[in-house]
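A.B. asks: Pasting a structure here, questions to come.
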Amino acid sequence: TSGTQSVSPTSAQTYNLSCTGAGGTTSQSVNLAVTAPTTGDIWASKTGMPGMQSMSGAVSINNRVYVIGGNRFSDIPSVYNYEYDPATNTWATKTGMPTARSGAFVATVNNKIYVIGGYGWAGVYYTTNEEYNPATNTWATKTGMPTARAYGGVAVANGKIYAMGGKFYAGTAGYIQTIYAGDITITLTYYPGGSDVIVSSNEEYDPATDTWAIKTSMPVGKTGIVSSSANNKIYVIGGYYQANSSTAPVYYNTRNEEYDPVTNLWTIKADRLTQGTSSNGAVSVNNKIYVIGGTTNEEYDPIANTWTLKASIPTWQWAPIGATVNNKAYIFDLLNSVGYTMEYTP
C-alpha cells in the first residue's frame, strides 16, 4: 500500500515511517532538515565607514554605496568619497570631490552621481554642481543650481533630480581667515551678524541636458527634511521651519508632502507617527519609504497612505543617511567619533 502524511516540523527531526500490507510491516527512518525561513524587519551591524564625518550624502550604483562629503572636525566640510561594497562588507577610498561641502543634495542618474549645493562653513552656501563617474573615478563640473542652499531634500523621478527646501545664510560683509583642522587647511570667509533663511524652493535638474528648471515650491519652507521617491512621486517628510533669525523658535513637524513631477503639484499626505526632527534619514525599498532617526524606524506605504512602526535601529543615530542595495537599506552615521554602518532588511 502507499499513502502520504503531512508534517510541519519546526526544527530538524527524525520520523519513523511504517507501512503495513499483505506482506507484513516495514519501517524506515527519515531525516527531515528544516531551514528557518528568512524573516524581515531585522538589523545587522556592518563595518563602520572609515571617515569621521556626518551630514554626508549616500547613493547606490551597481550594488555599491557611495558616501560623499559631510562635516569633519566640528563642522569643517570635507571632500571625502568612500565606496562601500555590501557583498564583501568592505570600504574603499575614492577620488574626493573638488569642492568641500556638507549638507549637499546628492543623487544618482544613469550610473553617475551629482553633488549639488551644500554648506562650506562660516556662512558660505554653494550652487556648485559636480558629477562623479564611478566607472572612471573622476569628477566633472556641471551647471550650478539656481539657488545657493543646503540641508534640504533631494529625490529622483523620471531621470531628473529635484532639490527641495533647505536654507542659506544672509550675512553682512565678510572677512577672511585661515584655519587648520587635522589634515585640512581651509581659507574661510566669515559673515558675522547674519541669519539663516529657510526656503521652499523646488528646482529640477536634467543631467541629460545639464539644465535647471524652477518648479512649484513646497507648500511650506523647511530645512532638515528627508525625502525619497516611490512610484515616480516624491515625498518630503519632517524637518523644521523657523523665522529668519538664529534666535527665533524652531518648529519641528511631522508633515508629509507628495510631489508629482508630471503635474507639478503638491499634495498633503498622512503625517508621520512620531515628532519629526532634522536628524533623520530616508530610504526607499520596494516602493515603501523608511524614515530613520534616533532609534525610531517608520515605514510609509504611499499606496495605502499609512505609517507603521518597525524594528528600532539598535544604535542611536544622530543624522543618518542611507541607500538601498538588493532590497536592503544601509544606514550610515557618525556618533562620538565612531562611524556606523547598519544593514536593515524590511
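Residues are referred to by chain and number: the chain letter is A, B, ... according to the order shown in the C-alpha cells, the number counts from 1 in that chain, and ligands are numbered separately from 1 in the order shown.
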Give me the residues within 10 Å of Gly144 in chain A as a compact mmCIF listing (two decimals) with all heavy atoms, in the first residue's frame, counting only C-alpha atoms and dropping any in the same chain fewer than 6 places off.

C.D. replies:
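Result file is around-v1.txt:
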# COMPACT_ATOMS: atom_id res chain seq x y z
N ILE A 116 25.25 68.51 -5.32
CA ILE A 116 24.74 69.82 -5.71
C ILE A 116 24.56 70.70 -4.46
O ILE A 116 24.05 70.25 -3.44
CB ILE A 116 23.39 69.67 -6.43
CG1 ILE A 116 23.55 68.76 -7.66
CG2 ILE A 116 22.82 71.02 -6.83
CD1 ILE A 116 22.23 68.29 -8.25
N GLY A 117 24.96 71.98 -4.60
CA GLY A 117 24.80 72.91 -3.49
C GLY A 117 25.64 72.49 -2.30
O GLY A 117 26.69 71.88 -2.43
N TYR A 126 26.65 77.03 -1.32
CA TYR A 126 27.07 76.88 -2.70
C TYR A 126 25.91 76.60 -3.65
O TYR A 126 24.88 76.03 -3.26
CB TYR A 126 28.06 75.71 -2.82
CG TYR A 126 29.41 75.95 -2.20
CD1 TYR A 126 29.73 75.39 -0.96
CD2 TYR A 126 30.36 76.72 -2.85
CE1 TYR A 126 30.98 75.60 -0.39
CE2 TYR A 126 31.61 76.93 -2.29
CZ TYR A 126 31.91 76.37 -1.06
OH TYR A 126 33.14 76.58 -0.50
N THR A 127 26.14 76.96 -4.93
CA THR A 127 25.29 76.49 -6.03
C THR A 127 26.01 75.40 -6.82
O THR A 127 25.46 74.85 -7.77
CB THR A 127 24.96 77.64 -7.00
OG1 THR A 127 26.19 78.13 -7.58
CG2 THR A 127 24.25 78.78 -6.29
N THR A 128 27.21 75.06 -6.42
CA THR A 128 28.09 74.14 -7.15
C THR A 128 27.42 72.80 -7.46
O THR A 128 26.72 72.23 -6.63
CB THR A 128 29.36 73.88 -6.32
OG1 THR A 128 29.97 75.14 -6.03
CG2 THR A 128 30.34 73.00 -7.05
N ASN A 129 27.67 72.29 -8.66
CA ASN A 129 27.14 71.01 -9.11
C ASN A 129 28.29 70.21 -9.71
O ASN A 129 28.83 70.59 -10.76
CB ASN A 129 26.03 71.23 -10.14
CG ASN A 129 25.46 69.94 -10.68
OD1 ASN A 129 25.74 68.85 -10.18
ND2 ASN A 129 24.64 70.05 -11.72
N GLU A 130 28.68 69.12 -9.05
CA GLU A 130 29.80 68.30 -9.51
C GLU A 130 29.35 66.87 -9.74
O GLU A 130 28.65 66.29 -8.91
CB GLU A 130 30.95 68.36 -8.50
CG GLU A 130 31.55 69.76 -8.42
CD GLU A 130 32.48 69.98 -7.25
OE1 GLU A 130 32.45 69.18 -6.29
OE2 GLU A 130 33.23 70.97 -7.28
N TYR A 205 16.75 69.42 -11.96
CA TYR A 205 17.96 69.33 -12.78
C TYR A 205 17.85 68.14 -13.72
O TYR A 205 17.53 67.03 -13.30
CB TYR A 205 19.20 69.17 -11.90
CG TYR A 205 20.48 68.98 -12.70
CD1 TYR A 205 20.95 70.00 -13.52
CD2 TYR A 205 21.20 67.80 -12.63
CE1 TYR A 205 22.11 69.83 -14.27
CE2 TYR A 205 22.36 67.63 -13.37
CZ TYR A 205 22.81 68.65 -14.19
OH TYR A 205 23.96 68.48 -14.92
N ASP A 210 21.96 69.04 -18.87
CA ASP A 210 22.72 69.89 -17.95
C ASP A 210 22.02 71.23 -17.75
O ASP A 210 22.64 72.30 -17.79
CB ASP A 210 24.15 70.09 -18.46
CG ASP A 210 25.05 70.75 -17.42
OD1 ASP A 210 24.80 70.59 -16.21
OD2 ASP A 210 26.01 71.46 -17.83
N THR A 211 20.70 71.18 -17.55
CA THR A 211 19.92 72.41 -17.37
C THR A 211 19.03 72.31 -16.14
O THR A 211 18.68 71.22 -15.69
CB THR A 211 19.03 72.68 -18.60
OG1 THR A 211 18.19 71.53 -18.83
CG2 THR A 211 19.87 72.95 -19.84
N TRP A 212 18.65 73.49 -15.64
CA TRP A 212 17.79 73.60 -14.46
C TRP A 212 16.45 74.23 -14.84
O TRP A 212 16.39 75.05 -15.76
CB TRP A 212 18.46 74.45 -13.39
CG TRP A 212 19.60 73.78 -12.71
CD1 TRP A 212 20.90 73.76 -13.10
CD2 TRP A 212 19.54 73.00 -11.51
NE1 TRP A 212 21.66 73.04 -12.23
CE2 TRP A 212 20.85 72.56 -11.24
CE3 TRP A 212 18.51 72.64 -10.64
CZ2 TRP A 212 21.16 71.77 -10.13
CZ3 TRP A 212 18.81 71.86 -9.54
CH2 TRP A 212 20.12 71.43 -9.29

A.B. asks: Running DSSP on the backbone, which parts of range 21-167 of chain A land in strand (DSSP E or B), as an MDAnalysis selection string?

C.D. replies: chainID A and resid 21 24:32 42:46 54 57:61 64:68 71:72 76:78 81:85 90:93 101:102 105:109 112:116 119 125 129:133 138:142 150 153:157 160:164 167

A.B. asks: Work out how far apart CA of Val154 in chain A and CA of Asn327 in chain A are and give it in Å to one decimal.

C.D. replies: 20.3 Å

A.B. asks: Please report the interatomic distance between CA of Ile161 in chain A and CA of Asn110 in chain A in Å with one decimal.

C.D. replies: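 So the answer is 11.5 Å.
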
A.B. asks: Which residues, written as a PDB file with all heavy atoms, in the first residue's frame, have at least one atom at most 8 Å from range 287-298 of chain A, with only C-alpha atoms counted and residues fewer than 3 positions away on the same chain left out?

C.D. replies:
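Saved to around.pdb:
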ATOM      1  N   VAL A 226      13.700  65.104   5.168  1.00  0.00           N
ATOM      2  CA  VAL A 226      14.118  63.893   4.475  1.00  0.00           C
ATOM      3  C   VAL A 226      13.194  63.702   3.282  1.00  0.00           C
ATOM      4  O   VAL A 226      12.043  64.146   3.293  1.00  0.00           O
ATOM      5  CB  VAL A 226      14.085  62.651   5.386  1.00  0.00           C
ATOM      6  CG1 VAL A 226      15.089  62.790   6.503  1.00  0.00           C
ATOM      7  CG2 VAL A 226      12.692  62.410   5.946  1.00  0.00           C
ATOM      8  N   SER A 228      12.342  61.059  -0.384  1.00  0.00           N
ATOM      9  CA  SER A 228      12.584  59.845  -1.143  1.00  0.00           C
ATOM     10  C   SER A 228      11.522  59.753  -2.222  1.00  0.00           C
ATOM     11  O   SER A 228      10.518  60.476  -2.189  1.00  0.00           O
ATOM     12  CB  SER A 228      12.533  58.613  -0.235  1.00  0.00           C
ATOM     13  OG  SER A 228      13.014  57.469  -0.909  1.00  0.00           O
ATOM     14  N   SER A 229      11.745  58.878  -3.188  1.00  0.00           N
ATOM     15  CA  SER A 229      10.775  58.710  -4.263  1.00  0.00           C
ATOM     16  C   SER A 229      10.253  57.280  -4.273  1.00  0.00           C
ATOM     17  O   SER A 229      10.957  56.339  -3.902  1.00  0.00           O
ATOM     18  CB  SER A 229      11.398  59.051  -5.616  1.00  0.00           C
ATOM     19  OG  SER A 229      12.540  58.260  -5.864  1.00  0.00           O
ATOM     20  N   ALA A 230       9.007  57.143  -4.691  1.00  0.00           N
ATOM     21  CA  ALA A 230       8.367  55.839  -4.845  1.00  0.00           C
ATOM     22  C   ALA A 230       7.286  55.986  -5.903  1.00  0.00           C
ATOM     23  O   ALA A 230       6.522  56.961  -5.888  1.00  0.00           O
ATOM     24  CB  ALA A 230       7.770  55.359  -3.526  1.00  0.00           C
ATOM     25  N   ASN A 231       7.236  55.047  -6.820  1.00  0.00           N
ATOM     26  CA  ASN A 231       6.229  55.073  -7.885  1.00  0.00           C
ATOM     27  C   ASN A 231       6.258  56.388  -8.666  1.00  0.00           C
ATOM     28  O   ASN A 231       5.218  56.939  -9.031  1.00  0.00           O
ATOM     29  CB  ASN A 231       4.836  54.844  -7.292  1.00  0.00           C
ATOM     30  CG  ASN A 231       4.739  53.530  -6.531  1.00  0.00           C
ATOM     31  OD1 ASN A 231       5.146  52.487  -7.030  1.00  0.00           O
ATOM     32  ND2 ASN A 231       4.229  53.589  -5.305  1.00  0.00           N
ATOM     33  N   ARG A 272       3.733  61.597   9.520  1.00  0.00           N
ATOM     34  CA  ARG A 272       4.467  60.505  10.144  1.00  0.00           C
ATOM     35  C   ARG A 272       4.021  60.354  11.592  1.00  0.00           C
ATOM     36  O   ARG A 272       3.401  61.259  12.167  1.00  0.00           O
ATOM     37  CB  ARG A 272       5.973  60.721  10.056  1.00  0.00           C
ATOM     38  CG  ARG A 272       6.472  61.980  10.728  1.00  0.00           C
ATOM     39  CD  ARG A 272       7.980  62.094  10.669  1.00  0.00           C
ATOM     40  NE  ARG A 272       8.625  61.012  11.391  1.00  0.00           N
ATOM     41  CZ  ARG A 272       9.911  61.006  11.704  1.00  0.00           C
ATOM     42  NH1 ARG A 272      10.684  62.023  11.349  1.00  0.00           N
ATOM     43  NH2 ARG A 272      10.445  59.996  12.361  1.00  0.00           N
ATOM     44  N   LEU A 273       4.360  59.239  12.210  1.00  0.00           N
ATOM     45  CA  LEU A 273       3.800  58.901  13.513  1.00  0.00           C
ATOM     46  C   LEU A 273       4.438  59.665  14.660  1.00  0.00           C
ATOM     47  O   LEU A 273       3.766  60.024  15.629  1.00  0.00           O
ATOM     48  CB  LEU A 273       3.946  57.395  13.764  1.00  0.00           C
ATOM     49  CG  LEU A 273       3.213  56.485  12.772  1.00  0.00           C
ATOM     50  CD1 LEU A 273       3.554  55.029  13.049  1.00  0.00           C
ATOM     51  CD2 LEU A 273       1.711  56.702  12.851  1.00  0.00           C
ATOM     52  N   SER A 279      17.088  65.403  12.333  1.00  0.00           N
ATOM     53  CA  SER A 279      18.115  64.356  12.368  1.00  0.00           C
ATOM     54  C   SER A 279      17.522  63.020  11.949  1.00  0.00           C
ATOM     55  O   SER A 279      17.354  62.108  12.761  1.00  0.00           O
ATOM     56  CB  SER A 279      18.710  64.261  13.776  1.00  0.00           C
ATOM     57  OG  SER A 279      19.241  65.501  14.169  1.00  0.00           O
ATOM     58  N   ASN A 280      17.186  62.901  10.684  1.00  0.00           N
ATOM     59  CA  ASN A 280      16.600  61.681  10.162  1.00  0.00           C
ATOM     60  C   ASN A 280      17.170  61.379   8.785  1.00  0.00           C
ATOM     61  O   ASN A 280      17.697  62.255   8.103  1.00  0.00           O
ATOM     62  CB  ASN A 280      15.076  61.807  10.054  1.00  0.00           C
ATOM     63  CG  ASN A 280      14.399  61.832  11.405  1.00  0.00           C
ATOM     64  OD1 ASN A 280      14.016  60.803  11.936  1.00  0.00           O
ATOM     65  ND2 ASN A 280      14.264  63.022  11.981  1.00  0.00           N
ATOM     66  N   GLY A 281      17.044  60.117   8.391  1.00  0.00           N
ATOM     67  CA  GLY A 281      17.386  59.708   7.044  1.00  0.00           C
ATOM     68  C   GLY A 281      16.215  58.962   6.448  1.00  0.00           C
ATOM     69  O   GLY A 281      15.337  58.478   7.169  1.00  0.00           O
ATOM     70  N   ALA A 282      16.169  58.863   5.117  1.00  0.00           N
ATOM     71  CA  ALA A 282      15.078  58.154   4.454  1.00  0.00           C
ATOM     72  C   ALA A 282      15.634  57.301   3.326  1.00  0.00           C
ATOM     73  O   ALA A 282      16.535  57.728   2.595  1.00  0.00           O
ATOM     74  CB  ALA A 282      14.041  59.131   3.911  1.00  0.00           C
ATOM     75  N   VAL A 283      15.090  56.091   3.195  1.00  0.00           N
ATOM     76  CA  VAL A 283      15.445  55.201   2.091  1.00  0.00           C
ATOM     77  C   VAL A 283      14.160  54.582   1.556  1.00  0.00           C
ATOM     78  O   VAL A 283      13.167  54.447   2.276  1.00  0.00           O
ATOM     79  CB  VAL A 283      16.414  54.082   2.524  1.00  0.00           C
ATOM     80  CG1 VAL A 283      17.777  54.649   2.846  1.00  0.00           C
ATOM     81  CG2 VAL A 283      15.860  53.312   3.709  1.00  0.00           C
ATOM     82  N   SER A 284      14.191  54.219   0.284  1.00  0.00           N
ATOM     83  CA  SER A 284      13.047  53.570  -0.345  1.00  0.00           C
ATOM     84  C   SER A 284      13.420  52.140  -0.699  1.00  0.00           C
ATOM     85  O   SER A 284      14.435  51.902  -1.358  1.00  0.00           O
ATOM     86  CB  SER A 284      12.638  54.334  -1.608  1.00  0.00           C
ATOM     87  OG  SER A 284      11.549  53.704  -2.250  1.00  0.00           O
ATOM     88  N   ASP A 301       3.789  53.625   3.501  1.00  0.00           N
ATOM     89  CA  ASP A 301       3.268  52.974   2.305  1.00  0.00           C
ATOM     90  C   ASP A 301       2.523  54.024   1.487  1.00  0.00           C
ATOM     91  O   ASP A 301       1.409  54.419   1.844  1.00  0.00           O
ATOM     92  CB  ASP A 301       2.328  51.838   2.694  1.00  0.00           C
ATOM     93  CG  ASP A 301       1.819  51.056   1.487  1.00  0.00           C
ATOM     94  OD1 ASP A 301       1.893  51.579   0.362  1.00  0.00           O
ATOM     95  OD2 ASP A 301       1.339  49.924   1.674  1.00  0.00           O
ATOM     96  N   PRO A 302       3.109  54.514   0.383  1.00  0.00           N
ATOM     97  CA  PRO A 302       2.451  55.570  -0.394  1.00  0.00           C
ATOM     98  C   PRO A 302       1.119  55.140  -1.004  1.00  0.00           C
ATOM     99  O   PRO A 302       0.228  55.973  -1.183  1.00  0.00           O
ATOM    100  CB  PRO A 302       3.473  55.894  -1.487  1.00  0.00           C
ATOM    101  CG  PRO A 302       4.780  55.423  -0.951  1.00  0.00           C
ATOM    102  CD  PRO A 302       4.452  54.211  -0.146  1.00  0.00           C
ATOM    103  N   TRP A 307       1.279  54.726   7.844  1.00  0.00           N
ATOM    104  CA  TRP A 307       2.569  54.591   8.507  1.00  0.00           C
ATOM    105  C   TRP A 307       2.529  53.407   9.472  1.00  0.00           C
ATOM    106  O   TRP A 307       1.502  53.134  10.092  1.00  0.00           O
ATOM    107  CB  TRP A 307       2.906  55.853   9.297  1.00  0.00           C
ATOM    108  CG  TRP A 307       3.242  57.035   8.450  1.00  0.00           C
ATOM    109  CD1 TRP A 307       2.368  57.947   7.930  1.00  0.00           C
ATOM    110  CD2 TRP A 307       4.543  57.443   8.034  1.00  0.00           C
ATOM    111  NE1 TRP A 307       3.045  58.896   7.209  1.00  0.00           N
ATOM    112  CE2 TRP A 307       4.382  58.619   7.260  1.00  0.00           C
ATOM    113  CE3 TRP A 307       5.827  56.938   8.243  1.00  0.00           C
ATOM    114  CZ2 TRP A 307       5.467  59.288   6.700  1.00  0.00           C
ATOM    115  CZ3 TRP A 307       6.906  57.606   7.681  1.00  0.00           C
ATOM    116  CH2 TRP A 307       6.723  58.764   6.918  1.00  0.00           C
ATOM    117  N   THR A 308       3.687  52.731   9.622  1.00  0.00           N
ATOM    118  CA  THR A 308       3.808  51.607  10.547  1.00  0.00           C
ATOM    119  C   THR A 308       5.151  51.696  11.259  1.00  0.00           C
ATOM    120  O   THR A 308       6.186  51.917  10.616  1.00  0.00           O
ATOM    121  CB  THR A 308       3.733  50.260   9.796  1.00  0.00           C
ATOM    122  OG1 THR A 308       2.527  50.211   9.038  1.00  0.00           O
ATOM    123  CG2 THR A 308       3.770  49.099  10.777  1.00  0.00           C
ATOM    124  N   LEU A 309       5.138  51.534  12.572  1.00  0.00           N
ATOM    125  CA  LEU A 309       6.392  51.474  13.318  1.00  0.00           C
ATOM    126  C   LEU A 309       7.061  50.126  13.069  1.00  0.00           C
ATOM    127  O   LEU A 309       6.432  49.081  13.182  1.00  0.00           O
ATOM    128  CB  LEU A 309       6.142  51.661  14.815  1.00  0.00           C
ATOM    129  CG  LEU A 309       5.906  53.089  15.301  1.00  0.00           C
ATOM    130  CD1 LEU A 309       5.538  53.084  16.778  1.00  0.00           C
ATOM    131  CD2 LEU A 309       7.142  53.953  15.065  1.00  0.00           C
ATOM    132  N   LYS A 310       8.349  50.158  12.754  1.00  0.00           N
ATOM    133  CA  LYS A 310       9.108  48.937  12.500  1.00  0.00           C
ATOM    134  C   LYS A 310      10.208  48.792  13.556  1.00  0.00           C
ATOM    135  O   LYS A 310      10.313  49.600  14.477  1.00  0.00           O
ATOM    136  CB  LYS A 310       9.704  48.971  11.093  1.00  0.00           C
ATOM    137  CG  LYS A 310       8.696  49.261   9.990  1.00  0.00           C
ATOM    138  CD  LYS A 310       7.580  48.238   9.929  1.00  0.00           C
ATOM    139  CE  LYS A 310       7.986  46.967   9.256  1.00  0.00           C
ATOM    140  NZ  LYS A 310       6.865  46.025   9.062  1.00  0.00           N
ATOM    141  N   ALA A 311      11.019  47.753  13.399  1.00  0.00           N
ATOM    142  CA  ALA A 311      12.061  47.471  14.389  1.00  0.00           C
ATOM    143  C   ALA A 311      12.990  48.672  14.554  1.00  0.00           C
ATOM    144  O   ALA A 311      13.500  49.225  13.573  1.00  0.00           O
ATOM    145  CB  ALA A 311      12.862  46.244  13.969  1.00  0.00           C
ATOM    146  N   SER A 312      13.213  49.072  15.796  1.00  0.00           N
ATOM    147  CA  SER A 312      14.081  50.212  16.080  1.00  0.00           C
ATOM    148  C   SER A 312      15.518  49.901  15.691  1.00  0.00           C
ATOM    149  O   SER A 312      15.976  48.760  15.800  1.00  0.00           O
ATOM    150  CB  SER A 312      14.020  50.566  17.568  1.00  0.00           C
ATOM    151  OG  SER A 312      12.716  50.944  17.941  1.00  0.00           O
ATOM    152  N   ILE A 313      16.234  50.919  15.254  1.00  0.00           N
ATOM    153  CA  ILE A 313      17.643  50.734  14.938  1.00  0.00           C
ATOM    154  C   ILE A 313      18.407  50.546  16.253  1.00  0.00           C
ATOM    155  O   ILE A 313      18.184  51.283  17.220  1.00  0.00           O
ATOM    156  CB  ILE A 313      18.176  51.924  14.116  1.00  0.00           C
ATOM    157  CG1 ILE A 313      19.586  51.642  13.604  1.00  0.00           C
ATOM    158  CG2 ILE A 313      18.113  53.224  14.884  1.00  0.00           C
ATOM    159  CD1 ILE A 313      20.053  52.630  12.546  1.00  0.00           C
ATOM    160  N   PRO A 314      19.283  49.550  16.356  1.00  0.00           N
ATOM    161  CA  PRO A 314      19.916  49.233  17.641  1.00  0.00           C
ATOM    162  C   PRO A 314      20.792  50.346  18.200  1.00  0.00           C
ATOM    163  O   PRO A 314      20.870  50.527  19.417  1.00  0.00           O
ATOM    164  CB  PRO A 314      20.757  47.986  17.320  1.00  0.00           C
ATOM    165  CG  PRO A 314      20.131  47.395  16.105  1.00  0.00           C
ATOM    166  CD  PRO A 314      19.611  48.550  15.314  1.00  0.00           C
ATOM    167  N   THR A 315      21.472  51.077  17.327  1.00  0.00           N
ATOM    168  CA  THR A 315      22.383  52.132  17.765  1.00  0.00           C
ATOM    169  C   THR A 315      21.764  53.489  17.492  1.00  0.00           C
ATOM    170  O   THR A 315      21.336  53.764  16.376  1.00  0.00           O
ATOM    171  CB  THR A 315      23.732  52.027  17.024  1.00  0.00           C
ATOM    172  OG1 THR A 315      24.279  50.728  17.229  1.00  0.00           O
ATOM    173  CG2 THR A 315      24.710  53.070  17.538  1.00  0.00           C
ATOM    174  N   TRP A 316      21.714  54.324  18.509  1.00  0.00           N
ATOM    175  CA  TRP A 316      21.112  55.645  18.358  1.00  0.00           C
ATOM    176  C   TRP A 316      21.837  56.417  17.264  1.00  0.00           C
ATOM    177  O   TRP A 316      23.070  56.467  17.227  1.00  0.00           O
ATOM    178  CB  TRP A 316      21.197  56.405  19.679  1.00  0.00           C
ATOM    179  CG  TRP A 316      20.378  57.656  19.707  1.00  0.00           C
ATOM    180  CD1 TRP A 316      19.080  57.780  20.096  1.00  0.00           C
ATOM    181  CD2 TRP A 316      20.811  58.979  19.343  1.00  0.00           C
ATOM    182  NE1 TRP A 316      18.662  59.085  19.990  1.00  0.00           N
ATOM    183  CE2 TRP A 316      19.706  59.845  19.530  1.00  0.00           C
ATOM    184  CE3 TRP A 316      22.007  59.505  18.868  1.00  0.00           C
ATOM    185  CZ2 TRP A 316      19.776  61.211  19.274  1.00  0.00           C
ATOM    186  CZ3 TRP A 316      22.078  60.864  18.598  1.00  0.00           C
ATOM    187  CH2 TRP A 316      20.973  61.703  18.806  1.00  0.00           C
ATOM    188  N   GLN A 317      21.068  57.021  16.358  1.00  0.00           N
ATOM    189  CA  GLN A 317      21.628  57.735  15.221  1.00  0.00           C
ATOM    190  C   GLN A 317      21.297  59.221  15.321  1.00  0.00           C
ATOM    191  O   GLN A 317      20.152  59.599  15.564  1.00  0.00           O
ATOM    192  CB  GLN A 317      21.063  57.175  13.912  1.00  0.00           C
ATOM    193  CG  GLN A 317      21.291  55.679  13.736  1.00  0.00           C
ATOM    194  CD  GLN A 317      22.745  55.334  13.519  1.00  0.00           C
ATOM    195  OE1 GLN A 317      23.391  55.837  12.605  1.00  0.00           O
ATOM    196  NE2 GLN A 317      23.271  54.473  14.368  1.00  0.00           N
ATOM    197  N   TRP A 318      22.310  60.055  15.089  1.00  0.00           N
ATOM    198  CA  TRP A 318      22.103  61.494  15.183  1.00  0.00           C
ATOM    199  C   TRP A 318      21.607  62.073  13.862  1.00  0.00           C
ATOM    200  O   TRP A 318      20.586  62.732  13.802  1.00  0.00           O
ATOM    201  CB  TRP A 318      23.395  62.193  15.594  1.00  0.00           C
ATOM    202  CG  TRP A 318      23.266  63.682  15.592  1.00  0.00           C
ATOM    203  CD1 TRP A 318      22.476  64.442  16.411  1.00  0.00           C
ATOM    204  CD2 TRP A 318      23.911  64.595  14.706  1.00  0.00           C
ATOM    205  NE1 TRP A 318      22.592  65.770  16.095  1.00  0.00           N
ATOM    206  CE2 TRP A 318      23.472  65.901  15.057  1.00  0.00           C
ATOM    207  CE3 TRP A 318      24.820  64.448  13.663  1.00  0.00           C
ATOM    208  CZ2 TRP A 318      23.919  67.041  14.387  1.00  0.00           C
ATOM    209  CZ3 TRP A 318      25.261  65.585  13.001  1.00  0.00           C
ATOM    210  CH2 TRP A 318      24.815  66.861  13.370  1.00  0.00           C
ATOM    211  N   ALA A 319      22.346  61.849  12.785  1.00  0.00           N
ATOM    212  CA  ALA A 319      21.968  62.385  11.473  1.00  0.00           C
ATOM    213  C   ALA A 319      22.245  61.331  10.414  1.00  0.00           C
ATOM    214  O   ALA A 319      23.158  61.473   9.600  1.00  0.00           O
ATOM    215  CB  ALA A 319      22.726  63.670  11.181  1.00  0.00           C
ATOM    216  N   PRO A 320      21.484  60.243  10.403  1.00  0.00           N
ATOM    217  CA  PRO A 320      21.786  59.133   9.498  1.00  0.00           C
ATOM    218  C   PRO A 320      21.489  59.459   8.042  1.00  0.00           C
ATOM    219  O   PRO A 320      20.645  60.292   7.727  1.00  0.00           O
ATOM    220  CB  PRO A 320      20.868  58.020  10.001  1.00  0.00           C
ATOM    221  CG  PRO A 320      19.707  58.749  10.600  1.00  0.00           C
ATOM    222  CD  PRO A 320      20.292  59.983  11.224  1.00  0.00           C
TER     223      PRO A 320
END

A.B. asks: Which residue out of A:Ile61, A:Val285, A:Ala135, A:Ala208 has the minimum interatomic distance to Pro86 in chain A when only C-alpha atoms are used?

C.D. replies: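 Smallest separation from Pro86 in chain A among the options: A:Ile61.
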
A.B. asks: Which of these residues is nearest to Gly339 in chain A, using only C-alpha atoms: A:Asp41, A:Asn63, A:Gly166, A:Trp91?

C.D. replies: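 Result for the nearest residue to Gly339 in chain A: A:Trp91.
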
A.B. asks: For Phe105 in chain A, which of A:Ala140, A:Met342, A:Ile68, A:Ala150 is the closest residue, counting only C-alpha atoms?

C.D. replies: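 That would be A:Ala150, the residue with the smallest distance to Phe105 in chain A.
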
A.B. asks: Determine the nearest neighbour of Val236 in chain A from the options A:Ile198, A:Ala107, A:Ala155, A:Met49, counting only C-alpha atoms.

C.D. replies: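 Result for the nearest residue to Val236 in chain A: A:Ala155.
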
A.B. asks: Could you tell me how far CA of Lys215 in chain A lies from CA of Ala148 in chain A, in Å and to one decimal?

C.D. replies: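 Interatomic distance, CA of Lys215 in chain A to CA of Ala148 in chain A: 15.9 Å.
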
A.B. asks: Which residue gives the smallest distance to Tyr340 in chain A among A:Gly48, A:Thr108, A:Val262, A:Gly40, with only C-alpha atoms counted?

C.D. replies: A:Gly48

A.B. asks: Which residue, A:Gly120, A:Ala157, A:Pro98, A:Thr39, has the smallest gap to Tyr132 in chain A when you use only C-alpha atoms?

C.D. replies: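 Of A:Gly120, A:Ala157, A:Pro98, A:Thr39, the one nearest Tyr132 in chain A, counting only C-alpha atoms, is A:Pro98.
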